[in-house]
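What follows is the content of start17.pdb (PDB, C-alpha atoms).
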```pdb
ATOM      1  CA  ILE A  49     -87.627 -33.227 219.493
ATOM      2  CA  ILE A  50     -88.233 -32.717 215.778
ATOM      3  CA  LEU A  51     -91.099 -30.347 216.549
ATOM      4  CA  GLY A  52     -88.664 -27.950 218.241
ATOM      5  CA  MET A  53     -86.149 -27.846 215.392
ATOM      6  CA  GLU A  54     -85.941 -24.856 213.071
ATOM      7  CA  ASP A  55     -84.800 -27.124 210.252
ATOM      8  CA  PRO A  56     -86.327 -30.514 211.165
ATOM      9  CA  LYS A  57     -84.103 -32.850 209.192
ATOM     10  CA  PRO A  58     -81.934 -35.621 210.671
ATOM     11  CA  ALA A  59     -78.198 -34.905 210.644
ATOM     12  CA  ARG A  60     -77.537 -38.493 209.579
ATOM     13  CA  ALA A  61     -79.588 -41.569 208.803
ATOM     14  CA  ASP A  62     -77.331 -44.099 210.519
ATOM     15  CA  PRO A  63     -75.892 -44.006 214.078
ATOM     16  CA  GLY A  64     -72.763 -45.942 213.093
ATOM     17  CA  GLU A  65     -71.161 -48.746 215.087
ATOM     18  CA  ILE A  66     -71.199 -48.527 218.901
ATOM     19  CA  GLU A  67     -67.895 -49.784 220.298
ATOM     20  CA  ASP A  68     -68.254 -48.914 224.002
ATOM     21  CA  LEU A  69     -71.736 -49.537 225.419
ATOM     22  CA  GLU A  70     -70.999 -48.069 228.864
ATOM     23  CA  TYR A  71     -69.702 -44.847 227.342
ATOM     24  CA  TYR A  72     -72.679 -44.665 224.987
ATOM     25  CA  LEU A  73     -75.216 -45.180 227.769
ATOM     26  CA  GLY A  74     -73.287 -42.890 230.106
ATOM     27  CA  ARG A  75     -73.876 -40.027 227.716
ATOM     28  CA  LEU A  76     -77.587 -40.820 227.696
ATOM     29  CA  ARG A  77     -77.802 -40.973 231.503
ATOM     30  CA  LYS A  78     -76.218 -37.612 232.278
ATOM     31  CA  GLY A  79     -79.618 -35.974 232.486
ATOM     32  CA  GLY A  80     -78.970 -32.922 230.329
ATOM     33  CA  SER A  81     -79.433 -32.424 226.606
ATOM     34  CA  ARG A  82     -78.099 -29.877 224.146
ATOM     35  CA  PRO A  83     -78.924 -27.794 222.202
ATOM     36  CA  ALA A  84     -81.625 -26.083 224.237
ATOM     37  CA  PHE A  85     -84.535 -27.029 221.958
ATOM     38  CA  ILE A  86     -83.893 -30.712 222.730
ATOM     39  CA  GLU A  87     -84.109 -29.994 226.451
ATOM     40  CA  ARG A  88     -87.387 -28.121 225.912
ATOM     41  CA  SER A  89     -88.793 -30.897 223.752
ATOM     42  CA  LEU A  90     -87.986 -33.619 226.276
ATOM     43  CA  LYS A  91     -89.475 -31.492 229.060
ATOM     44  CA  TRP A  92     -92.687 -31.146 227.044
ATOM     45  CA  VAL A  93     -92.946 -34.918 226.560
ATOM     46  CA  LYS A  94     -92.122 -35.592 230.227
ATOM     47  CA  GLU A  95     -94.827 -33.202 231.430
ATOM     48  CA  ARG A  96     -97.444 -34.879 229.222
ATOM     49  CA  CYS A  97     -96.406 -38.324 230.428
ATOM     50  CA  LEU A  98     -96.592 -37.208 234.062
ATOM     51  CA  ASN A  99    -100.157 -36.073 233.434
ATOM     52  CA  MET A 100    -100.983 -39.619 232.319
ATOM     53  CA  LEU A 101     -99.580 -41.323 235.426
ATOM     54  CA  GLY A 102    -102.224 -43.079 237.458
ATOM     55  CA  SER A 103    -104.325 -43.776 234.361
ATOM     56  CA  TYR A 104    -104.135 -46.347 231.577
ATOM     57  CA  ALA A 105    -102.387 -44.912 228.531
ATOM     58  CA  THR A 106    -100.797 -46.546 225.507
ATOM     59  CA  LYS A 107     -98.180 -45.324 223.066
ATOM     60  CA  HIS A 108    -101.060 -44.360 220.779
ATOM     61  CA  ASP A 109    -102.215 -41.774 223.329
ATOM     62  CA  LEU A 110     -98.780 -40.139 223.319
ATOM     63  CA  GLU A 111     -98.621 -40.366 219.533
ATOM     64  CA  GLU A 112    -101.906 -38.469 219.357
ATOM     65  CA  LEU A 113    -100.493 -35.694 221.567
ATOM     66  CA  ILE A 114     -97.456 -35.383 219.303
ATOM     67  CA  LEU A 115     -99.642 -35.349 216.196
ATOM     68  CA  ARG A 116    -101.741 -32.502 217.558
ATOM     69  CA  ARG A 117     -98.607 -30.529 218.412
ATOM     70  CA  ALA A 118     -97.148 -31.142 214.935
ATOM     71  CA  ARG A 119    -100.397 -30.099 213.289
ATOM     72  CA  ALA A 120    -100.502 -26.876 215.318
ATOM     73  CA  GLU A 121     -96.912 -26.022 214.312
ATOM     74  CA  GLY A 122     -97.322 -26.979 210.659
ATOM     75  CA  LYS A 123     -94.783 -29.808 210.858
ATOM     76  CA  LEU A 124     -96.874 -32.855 210.029
ATOM     77  CA  GLU A 125     -94.872 -33.692 206.911
ATOM     78  CA  GLN A 126     -91.544 -33.474 208.741
ATOM     79  CA  LEU A 127     -92.897 -35.710 211.495
ATOM     80  CA  ARG A 128     -94.015 -38.292 208.927
ATOM     81  CA  GLU A 129     -90.567 -38.255 207.331
ATOM     82  CA  LEU A 130     -88.859 -38.861 210.676
ATOM     83  CA  ARG A 131     -91.241 -41.672 211.609
ATOM     84  CA  ASN A 132     -90.618 -43.316 208.273
ATOM     85  CA  LEU A 133     -86.878 -43.138 208.951
ATOM     86  CA  ILE A 134     -86.857 -44.573 212.485
ATOM     87  CA  GLU A 135     -90.213 -46.481 212.651
ATOM     88  CA  PRO A 136     -89.814 -47.722 216.264
ATOM     89  CA  VAL A 137     -92.215 -50.673 215.942
ATOM     90  CA  ALA A 138     -90.704 -52.086 212.740
ATOM     91  CA  PRO A 139     -89.247 -55.629 212.820
ATOM     92  CA  TYR A 140     -85.543 -56.032 213.536
ATOM     93  CA  GLY A 141     -83.309 -54.978 210.658
ATOM     94  CA  ARG A 142     -85.861 -52.836 208.841
ATOM     95  CA  LYS A 143     -85.509 -49.428 210.524
ATOM     96  CA  ILE A 144     -82.958 -47.675 212.740
ATOM     97  CA  LEU A 145     -84.615 -47.340 216.131
ATOM     98  CA  GLY A 146     -86.001 -50.852 216.523
ATOM     99  CA  THR A 147     -82.775 -52.391 215.243
ATOM    100  CA  LEU A 148     -80.553 -50.337 217.552
ATOM    101  CA  TYR A 149     -82.761 -51.003 220.574
ATOM    102  CA  ARG A 150     -82.818 -54.754 219.966
ATOM    103  CA  GLU A 151     -79.038 -54.904 219.624
ATOM    104  CA  LEU A 152     -78.390 -52.915 222.807
ATOM    105  CA  TRP A 153     -80.914 -55.049 224.673
ATOM    106  CA  LEU A 154     -80.083 -58.531 223.377
ATOM    107  CA  GLY A 155     -76.387 -58.138 222.614
ATOM    108  CA  SER A 156     -74.510 -59.988 219.883
ATOM    109  CA  GLU A 157     -75.432 -63.473 221.065
ATOM    110  CA  GLY A 158     -79.104 -62.618 221.381
ATOM    111  CA  ILE A 159     -79.292 -61.103 217.904
ATOM    112  CA  GLU A 160     -77.651 -64.145 216.361
ATOM    113  CA  LYS A 161     -79.874 -66.555 218.316
ATOM    114  CA  ARG A 162     -83.130 -64.618 217.804
ATOM    115  CA  HIS A 163     -82.664 -63.296 214.298
ATOM    116  CA  GLY A 164     -79.937 -65.464 212.773
ATOM    117  CA  VAL A 165     -77.767 -62.542 211.635
ATOM    118  CA  LYS A 166     -74.756 -60.556 212.805
ATOM    119  CA  PRO A 167     -75.595 -57.284 214.610
ATOM    120  CA  ARG A 168     -75.388 -54.081 212.612
ATOM    121  CA  TYR A 169     -74.504 -51.422 215.208
ATOM    122  CA  TYR A 170     -73.366 -53.086 218.425
ATOM    123  CA  ARG A 171     -71.283 -56.169 219.189
ATOM    124  CA  GLY A 172     -71.033 -57.179 222.824
ATOM    125  CA  ALA A 173     -73.082 -58.228 225.846
ATOM    126  CA  GLY A 174     -76.597 -56.818 225.960
ATOM    127  CA  LEU A 175     -78.396 -54.997 228.749
ATOM    128  CA  ILE A 176     -80.531 -58.108 229.219
ATOM    129  CA  GLU A 177     -77.599 -59.523 231.190
ATOM    130  CA  GLU A 178     -78.266 -56.953 233.946
ATOM    131  CA  GLU A 179     -81.761 -58.265 234.738
ATOM    132  CA  ARG A 180     -82.307 -59.836 238.152
ATOM    133  CA  ILE A 181     -84.874 -62.413 239.279
ATOM    134  CA  LEU A 182     -87.229 -61.134 241.992
ATOM    135  CA  ALA A 183     -89.099 -64.331 242.840
ATOM    136  CA  ARG A 184     -87.346 -66.622 245.331
ATOM    137  CA  GLU A 185     -87.093 -70.322 244.503
ATOM    138  CA  GLU A 186     -88.604 -71.465 247.804
ATOM    139  CA  VAL A 187     -91.628 -69.273 247.078
ATOM    140  CA  LEU A 188     -92.108 -70.813 243.639
ATOM    141  CA  GLU A 189     -91.729 -74.294 245.114
ATOM    142  CA  GLU A 190     -94.461 -73.502 247.624
ATOM    143  CA  LEU A 191     -96.696 -71.961 244.974
ATOM    144  CA  ARG A 192     -96.394 -75.019 242.767
ATOM    145  CA  SER A 193     -97.693 -77.156 245.630
ATOM    146  CA  LEU A 194    -100.580 -74.747 246.277
ATOM    147  CA  VAL A 195    -101.806 -74.284 242.694
ATOM    148  CA  PRO A 196    -103.544 -77.434 241.382
ATOM    149  CA  LYS A 197    -103.121 -76.739 237.655
ATOM    150  CA  GLY A 198     -99.557 -75.472 237.876
ATOM    151  CA  LEU A 199     -97.750 -72.268 236.975
ATOM    152  CA  GLY A 200     -97.453 -70.735 233.523
ATOM    153  CA  ILE A 201     -95.726 -67.725 231.995
ATOM    154  CA  ILE A 202     -97.171 -65.164 229.613
ATOM    155  CA  SER A 203     -94.552 -62.784 228.272
ATOM    156  CA  GLY A 204     -94.274 -60.273 225.471
ATOM    157  CA  ARG A 205     -90.697 -61.424 225.017
ATOM    158  CA  GLY A 206     -89.498 -64.299 222.922
ATOM    159  CA  SER A 207     -88.555 -67.659 224.402
ATOM    160  CA  TRP A 208     -84.819 -66.931 224.053
ATOM    161  CA  GLU A 209     -85.075 -63.798 226.207
ATOM    162  CA  VAL A 210     -87.180 -65.587 228.811
ATOM    163  CA  ARG A 211     -84.751 -68.491 229.068
ATOM    164  CA  ARG A 212     -81.826 -66.099 229.256
ATOM    165  CA  THR A 213     -83.226 -64.153 232.205
ATOM    166  CA  LEU A 214     -85.308 -66.762 234.065
ATOM    167  CA  ASN A 215     -83.395 -69.978 233.440
ATOM    168  CA  PRO A 216     -82.709 -70.742 237.158
ATOM    169  CA  ILE A 217     -86.448 -70.795 237.974
ATOM    170  CA  LEU A 218     -88.022 -72.135 234.771
ATOM    171  CA  LYS A 219     -88.216 -75.636 236.269
ATOM    172  CA  TYR A 220     -91.140 -74.440 238.394
ATOM    173  CA  PHE A 221     -93.252 -73.507 235.351
ATOM    174  CA  ASP A 222     -95.099 -75.483 232.703
ATOM    175  CA  LEU A 223     -93.260 -74.252 229.619
ATOM    176  CA  GLU A 224     -95.470 -76.234 227.253
ATOM    177  CA  ALA A 225     -98.429 -74.193 228.460
ATOM    178  CA  SER A 226     -96.535 -70.889 228.593
ATOM    179  CA  VAL A 227     -96.950 -68.316 225.824
ATOM    180  CA  PHE A 228     -94.156 -66.040 224.573
ATOM    181  CA  THR A 229     -95.780 -63.579 222.208
ATOM    182  CA  GLY A 230     -92.423 -62.192 221.073
ATOM    183  CA  ASP A 231     -92.109 -65.388 219.009
ATOM    184  CA  ARG A 232     -95.525 -64.909 217.431
ATOM    185  CA  ALA A 233     -96.949 -62.639 214.780
ATOM    186  CA  SER A 234     -98.102 -59.268 216.087
ATOM    187  CA  GLY A 235    -101.647 -58.969 217.413
ATOM    188  CA  MET A 236    -101.338 -61.071 220.579
ATOM    189  CA  GLU A 237     -99.867 -58.305 222.723
ATOM    190  CA  LYS A 238    -101.564 -57.455 226.012
ATOM    191  CA  PRO A 239    -104.355 -56.602 226.704
ATOM    192  CA  ASN A 240    -105.445 -59.040 223.970
ATOM    193  CA  PRO A 241    -106.635 -62.054 226.035
ATOM    194  CA  ALA A 242    -105.583 -64.664 223.442
ATOM    195  CA  SER A 243    -102.328 -65.514 225.238
ATOM    196  CA  LEU A 244    -104.021 -66.001 228.615
ATOM    197  CA  LEU A 245    -106.816 -68.073 227.097
ATOM    198  CA  GLU A 246    -104.277 -70.280 225.304
ATOM    199  CA  CYS A 247    -102.174 -70.771 228.431
ATOM    200  CA  CYS A 248    -105.188 -71.695 230.571
ATOM    201  CA  SER A 249    -106.480 -74.058 227.909
ATOM    202  CA  LYS A 250    -103.161 -75.935 227.918
ATOM    203  CA  LEU A 251    -103.126 -76.012 231.720
ATOM    204  CA  GLY A 252    -106.714 -77.243 231.805
ATOM    205  CA  ALA A 253    -107.658 -74.312 234.044
ATOM    206  CA  ARG A 254    -110.986 -72.477 234.037
ATOM    207  CA  LYS A 255    -109.974 -70.143 236.855
ATOM    208  CA  VAL A 256    -106.665 -68.260 237.016
ATOM    209  CA  LEU A 257    -104.806 -65.706 239.118
ATOM    210  CA  TYR A 258    -102.692 -63.541 236.841
ATOM    211  CA  VAL A 259     -99.791 -61.611 238.372
ATOM    212  CA  GLY A 260     -98.759 -58.326 236.766
ATOM    213  CA  ASP A 261     -97.672 -54.772 237.475
ATOM    214  CA  ALA A 262     -99.251 -52.744 234.670
ATOM    215  CA  GLY A 263    -102.622 -51.482 233.536
ATOM    216  CA  GLU A 264    -102.543 -53.729 230.484
ATOM    217  CA  ASP A 265    -102.284 -56.731 232.833
ATOM    218  CA  LEU A 266    -105.500 -55.744 234.572
ATOM    219  CA  PHE A 267    -107.336 -55.201 231.291
ATOM    220  CA  LEU A 268    -105.996 -58.520 230.019
ATOM    221  CA  THR A 269    -107.782 -60.341 232.841
ATOM    222  CA  ARG A 270    -110.987 -58.382 232.252
ATOM    223  CA  ASN A 271    -110.946 -59.169 228.547
ATOM    224  CA  ALA A 272    -110.306 -62.852 229.281
ATOM    225  CA  SER A 273    -113.229 -62.907 231.721
ATOM    226  CA  ARG A 274    -115.521 -61.629 228.968
ATOM    227  CA  LYS A 275    -114.453 -64.698 226.974
ATOM    228  CA  GLY A 276    -115.636 -67.048 229.727
ATOM    229  CA  LEU A 277    -112.465 -67.487 231.790
ATOM    230  CA  ARG A 278    -112.612 -66.696 235.508
ATOM    231  CA  ALA A 279    -109.533 -64.466 235.552
ATOM    232  CA  TYR A 280    -108.333 -62.453 238.543
ATOM    233  CA  LEU A 281    -105.437 -60.041 238.945
ATOM    234  CA  ALA A 282    -102.803 -59.794 241.654
ATOM    235  CA  GLY A 283    -101.356 -56.345 241.023
ATOM    236  CA  LEU A 284     -97.741 -55.711 242.019
ATOM    237  CA  LEU A 285     -96.818 -52.237 243.256
ATOM    238  CA  THR A 286     -93.902 -50.794 241.290
ATOM    239  CA  ASN A 287     -94.457 -47.033 241.647
ATOM    240  CA  ARG A 288     -96.419 -44.552 243.752
ATOM    241  CA  TYR A 289     -99.336 -44.523 241.322
ATOM    242  CA  SER A 290     -99.857 -48.295 241.169
ATOM    243  CA  TYR A 291    -101.909 -48.616 244.350
ATOM    244  CA  THR A 292    -104.372 -45.902 243.328
ATOM    245  CA  PHE A 293    -104.754 -47.378 239.858
ATOM    246  CA  PHE A 294    -105.270 -50.980 240.978
ATOM    247  CA  THR A 295    -107.661 -49.904 243.740
ATOM    248  CA  LYS A 296    -109.682 -47.702 241.403
ATOM    249  CA  CYS A 297    -109.915 -50.428 238.763
ATOM    250  CA  GLY A 298    -110.805 -53.183 241.241
ATOM    251  CA  ALA A 299    -107.826 -55.536 241.201
ATOM    252  CA  GLU A 300    -108.662 -58.637 243.247
ATOM    253  CA  ALA A 301    -105.353 -58.473 245.142
ATOM    254  CA  ILE A 302    -102.566 -55.926 245.548
ATOM    255  CA  LEU A 303     -99.082 -57.001 246.633
ATOM    256  CA  GLU A 304     -95.939 -55.089 247.498
ATOM    257  CA  ASN A 305     -93.742 -58.053 246.590
ATOM    258  CA  VAL A 306     -94.164 -61.088 244.349
ATOM    259  CA  ASN A 307     -92.871 -63.283 247.177
ATOM    260  CA  GLN A 308     -96.080 -62.582 249.123
ATOM    261  CA  LEU A 309     -98.114 -64.665 246.665
ATOM    262  CA  PRO A 310     -98.380 -67.866 248.752
ATOM    263  CA  LYS A 311    -100.330 -65.941 251.404
ATOM    264  CA  LEU A 312    -103.191 -65.493 248.926
ATOM    265  CA  PHE A 313    -103.691 -69.247 248.709
ATOM    266  CA  LYS A 314    -103.529 -70.035 252.416
TER     267      LYS A 314
END
```
Translate this file's structure into structure tokens.
Amino acid sequence: IILGMEDPKPARADPGEIEDLEYYLGRLRKGGSRPAFIERSLKWVKERCLNMLGSYATKHDLEELILRRARAEGKLEQLRELRNLIEPVAPYGRKILGTLYRELWLGSEGIEKRHGVKPRYYRGAGLIEEERILAREEVLEELRSLVPKGLGIISGRGSWEVRRTLNPILKYFDLEASVFTGDRASGMEKPNPASLLECCSKLGARKVLYVGDAGEDLFLTRNASRKGLRAYLAGLLTNRYSYTFFTKCGAEAILENVNQLPKLFK
């Protein structure tokens, strides 16, 4: 968006307090943006992202596209200033974007539990409360009887978020062996195999079927295999590009639904 502005400076450095989350999100979901340069900017980003679908791309790939565009338009310095202001990957409380996102996602209770402070911009229930569990309990019960070393969880979220969303089914998993990288220092994010290697070590497993729906999940298993673990991927289809990607990259199994997992072991 900043690349399309004639005078690329933020109107304000603080979004202020959000009192009505539904109203706030409703404005974001309307599908149109004004003024026109914002609409053009979002269209440009969307087109580039669509070109990446069906391939493995990280945020660094998109950042590189934006950098090249900024360089071509002579706006590198303005882009650096904006990034310094919002810094999306900064820890909670340090910069605007990451702080606002965490508060909208976790809500007041989550911020206080995870970070030990009162929220800055939003007080209320977070969007995390809208998440729904896809795996059925009878399926997990059956899986636990089929898998000799047990079931573990690897998540980029922290343990509070996982317990908040998956509490009804956590009894089927070995939580001592599970790894929640959101509670750790950065560097363990997928496709770094450290989390999978740690989980399997605690389970006493030398062979593992990892279930995931993204390219980073597939590369996680490949990286773990290079470290000596016999790691396989069951890829879940979540969009029309998933099947092509998992087939092209050689996923060991491809499932339309996580509840089909027991069939792989029978």
_Result set, the PyMOL selection byres ((chain A and resi 216-224) around 6) on current file, as a ChimeraX atom specification_ = /A:199-200,214-215,225-226
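Distances from A:Gly260, A:Leu182, A:Glu246, A:Asp109 to Leu285 of chain A were compared using all atoms listed in the file, and the smallest one belongs to A:Gly260.
When atom CA of Ser193 of chain A is paired with atom CA of Leu268 of chain A, their separation reads 25.7 Å.
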*Could you tell me which residues the PyMOL selection byres ((chain A and resi 233-239) around 10) returns for this structure, as a ChimeraX atom specification?*
/A:202-205,227-232,240-244,263-272
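Across A:Ala138, A:Val187, A:Ile86, A:Leu194, the tightest approach to Asn305 of chain A is made by A:Val187 when counting only C-alpha atoms.
Computed from the coordinates, the atom CA of Gly298 of chain A to atom CA of Lys255 of chain A distance equals 17.5 Å.
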*Anything within 12 Å of (-105.0, -58.3, 244.2): list those residues as a VMD selection string, counting all atoms listed in the file and sticking to the file's coordinates.*
chain A and resid 257 to 261 265 to 266 269 279 to 285 290 to 291 293 to 306 308 to 309 311 to 313
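Here atom CA of Phe85 of chain A and atom CA of Leu69 of chain A stand 26.1 Å from one another.
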_Can you tell me which residues surround segment 170-173 of chain A at a distance of at most 6 Å, considering all atoms listed in the file, apart from same-chain residues fewer than 4 positions away, and format the answer as a list in words?_
Glu65, Ile66, Gly155 and Ser156 of chain A
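Counting all atoms listed in the file and comparing A:Lys107, A:Arg142, A:Arg117, A:Arg211, the residue that lies closest to Lys161 of chain A is A:Arg211.
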